[in-house]
Amino acid sequence: MNTLVATEVVTRLFWTSVVAGGLLAGLPLMFTALGETIAERAGVLNIGLEGMMLLGAYVGFLGVYYGHTVWLGYLAGMAAGALASVFMVVLCVWRGFDQIVVGIAITLAGEGITSVLQGAQFGTTYPSLGATPTIAIPLLDRIPVVGTSLFDQPLVVYLGFALVGLLTWTFRSTNVGLNLRAAGEKPEALDAAGVGVVATRTYAELACGALAGLGGAYLAVSVAGVFTPFVTQGQGFMAIVIAMLARGKPLGVVLGSFLFGVSLALGDSLQIAGIHISTDLINILPFIAIIVALIVFGRRSYLPPALALPYVRGAR
Amino acid sequence: MSEAAIERGAGKRGLTAGLRRASDIAIRSLVPLMLALLAGGVLLAVLGRNPFSFYGNVWTYGVAQGSWQESAVTMIPFLLIATGLTVIFRANIWNLGYWGQFALGAALVAGLGPWLTTHLPLAVAFVLLFLVAGSAGAAWTLIPAVLKARYGTNEIITTLMMSFIGVGIAGLLIQGPFQDPTVRTPQTQPIDLDKLMPAIPGTSIDASLVVALVFVGAVHFLLTRTAFGLRLHILGLNPRAARHVGANVPRLVITSFLISGGLIGAAAAAWLLSPLQGYLRAGQIPNFGDLIIPFVFLARLNALAVVPFVAFYAVLFTGGTLATTSVNLPTDFLLVLVALVLLFMTVIEYLGRKRELGASYVTPGLKRSLKSPIVRRNAP
């Protein structure tokens, strides 16, 4: 009888930690992948997400470390990500450089600069931040298993989900959404309609950088509570994959991010349940699932035709 | 004007044109490097470090007093990776899965190496290990290659995903079947020092360097002197044109992927069988590819030109690793330098392209009058 109760408690703890951990680990991915979705819709492929996330993470960490306010950290992270995307805007959107080469450069620079600055400033100590204050939604937070994990979160999480709704609406039923899509699908048509392709892509890329910076800041400030070099561990690249597979749909991004988040968190959860499976195995499971799906369905992951191509007016 | 004079003029023009092209290439390739080093120096100064002593240390630890031999050893896997990337980039295909291909090759060599090198003649074991690693790297490109060739699936996502899977599987292999039973740390059994790659007589450089250089030469021949190389080049310029000249595009895509992955896998074998390495620890598989990419571009996708650039980077890597620690900075400073190389390269490239585009609109006569507008306008 006692063991039965014990197992039940463990099971409940397990599921709570899966949902909570998945949400916690999935949110940085969600912010970043939403940013990439906006940029890809407009025809800009941002391979530099990893670097932008790291810059956002480091600057966001500094914001909280010196400013003692979580919001300052998030805003600083967004600014850092947007600043990094200015490089992408000027070099790729305005000047037509190769987006993949510049993206790789931004990733390398982000990895290097954050690690060097962290080392130059703190040496080998990694000061940690306090917990992020949360807001509990009355009643809903009492729902078993998912309650505390879904409805007792920092404000930025609710705003993140609001952003998903906002983006869905923007893409579906506003002129801005239409312009974004035209910039990726048929930039000549957008140009002919009198809307600036370069301007549209500029806004999209800046938004992408800001969201990637926010994703990184959330990761450092609220998930890890500390900045260590390479804290993102390839999540920027995961976000690219999620965005491409979500086919430009914000809800698909949420689903994909949560899936990857659960797989990232599952290792810890299984340890709570006393099962020891290598985290390596769990972390690659979603990738294997996607590859298998791609092979079985042989489907193209849809990408805008003008993705990664610079727009030159009148060029053929 | 006499015929001889015309000939002389033509010859002179040919020479100057050749010189100009050579200087153009030198400017486009070397200026980004110098600007990156300069900007890196400024960054060091901003961080309160002495840039001159830093670059002096890079020279001391990377070239001087026989440390060039260590740089040469470091260079071996870099060369093979760079060659592998050259092949696939020529076709304008992005194989960004180099980390997974390298990791799998390294894990297999680290796992099978201890047994093979003790139970087989060393030469046979080395050949087998290079083949195993090369096949693993090649096999790891197969899914992205087939998906790209058959369905046009974007290879950037598929190779990235396969890369994560490859690194994960390499970690599983190290902690599972290949775990050294005598230690608690997750690592493979070290290969005995006398069973590792022997040095080139008179130096402390592995014999793998010869293997790598042979591969570089072979790939250069393949790319510049064979029909395959030409088709690959056309595919890279324009896939539709490649179909029109009768190339079997799907097969071309798959072949170039396999060669690329195979060379990257072989790089892992050369890296692991070096006396500097000899075993593999979980979570410590280096991602060299990211850092090699800029130099592949600087070499303008020419397999031979890759050699000096990779040598430069090997010196920077070997000397820089010690030099950054000596000025009390993380070694990741080197990442910043490489990123700066990439950025300056794209800028210089853009300026060059703009000048060429501008030049193409100007007729020769107009260009002459532009150069010396007053003096020679009415000259015969």
# chains A, B, ... in the order shown; residues from 1 in each chain; ligands from 1
call {"tool": "closest_atom_pairs", "arguments": {"of": "chain B", "to": "chain A", "cutoff": "6 Å", "atoms": "only C-alpha atoms", "output": "CSV"}}
result
residue,atom,partner,partner_atom,distance
B:Thr153,CA,A:Arg300,CA,5.1
B:Ile157,CA,A:Val241,CA,5.6
B:Met161,CA,A:Phe287,CA,5.8
B:Ile165,CA,A:Ile284,CA,5.3
B:Gly168,CA,A:Asp280,CA,5.0
B:Pro330,CA,A:Val116,CA,5.5
B:Asp332,CA,A:Gly112,CA,4.9
B:Phe333,CA,A:Gly112,CA,5.4
B:Leu335,CA,A:Gly112,CA,4.8
B:Val336,CA,A:Ala109,CA,4.7
B:Ala339,CA,A:Ala105,CA,4.5
B:Leu342,CA,A:Ala105,CA,5.8
call {"tool": "write_last_selection", "arguments": {"atoms": "C-alpha atoms", "output": "tab-separated table (two decimals), in the first residue's frame"}}
result
chain	number	residue	atom	x	y	z
B	153	THR	CA	14.55	18.80	-49.06
B	157	ILE	CA	18.17	21.44	-41.75
B	161	MET	CA	19.79	17.43	-37.52
B	165	ILE	CA	22.16	12.83	-33.92
B	168	GLY	CA	24.66	12.11	-29.62
B	330	PRO	CA	39.40	32.14	-22.63
B	332	ASP	CA	37.30	31.24	-27.35
B	333	PHE	CA	38.90	34.54	-28.32
B	335	LEU	CA	36.34	32.26	-32.38
B	336	VAL	CA	36.10	36.05	-32.47
B	339	ALA	CA	34.32	35.50	-37.15
B	342	LEU	CA	34.49	35.93	-42.23
call {"tool": "select_by_dssp", "arguments": {"residues": "stretch 17-120 of chain B", "states": "helix (DSSP H, G or I)", "output": "ChimeraX atom specification"}}
result
/B:17-46,51-62,67-90,98-119
call {"tool": "closest_residue", "arguments": {"among": "A:Val254, A:Val93, A:Ala306, A:Ala217", "to": "A:Gly184", "atoms": "only C-alpha atoms"}}
result
A:Ala306
call {"tool": "atom_distance", "arguments": {"atom1": "atom CA of B:His119", "atom2": "atom CA of B:Pro275"}}
result
19.2 Å
call {"tool": "closest_residue", "arguments": {"among": "A:Pro187, A:Gly56, A:Gly73, A:Gly26", "to": "A:Leu309", "atoms": "only C-alpha atoms"}}
result
A:Pro187
call {"tool": "closest_residue", "arguments": {"among": "B:Pro308, B:Gly40, B:Gly217, B:Pro190", "to": "B:Trp115", "atoms": "only C-alpha atoms"}}
result
B:Pro190
call {"tool": "residues_around", "arguments": {"residues": "B:Ala110", "least_positions_apart": "5", "cutoff": "8 Å", "atoms": "only C-alpha atoms", "output": "PyMOL selection string"}}
result
chain B and resi 178+188-191+272+278-280
call {"tool": "residues_around", "arguments": {"residues": "A:Ala182", "least_positions_apart": "3", "cutoff": "10 Å", "atoms": "only C-alpha atoms", "output": "PyMOL selection string"}}
result
chain A and resi 41-43+176-179+185-191+195+197+200+304+306
call {"tool": "atom_distance", "arguments": {"atom1": "atom CA of A:Trp71", "atom2": "atom CA of A:Val156"}}
result
8.7 Å
call {"tool": "residues_around", "arguments": {"residues": "A:Gly35", "least_positions_apart": "3", "cutoff": "9 Å", "atoms": "only C-alpha atoms", "output": "number ranges by chain"}}
result
A: 30-32, 38-40, 204-212, 243
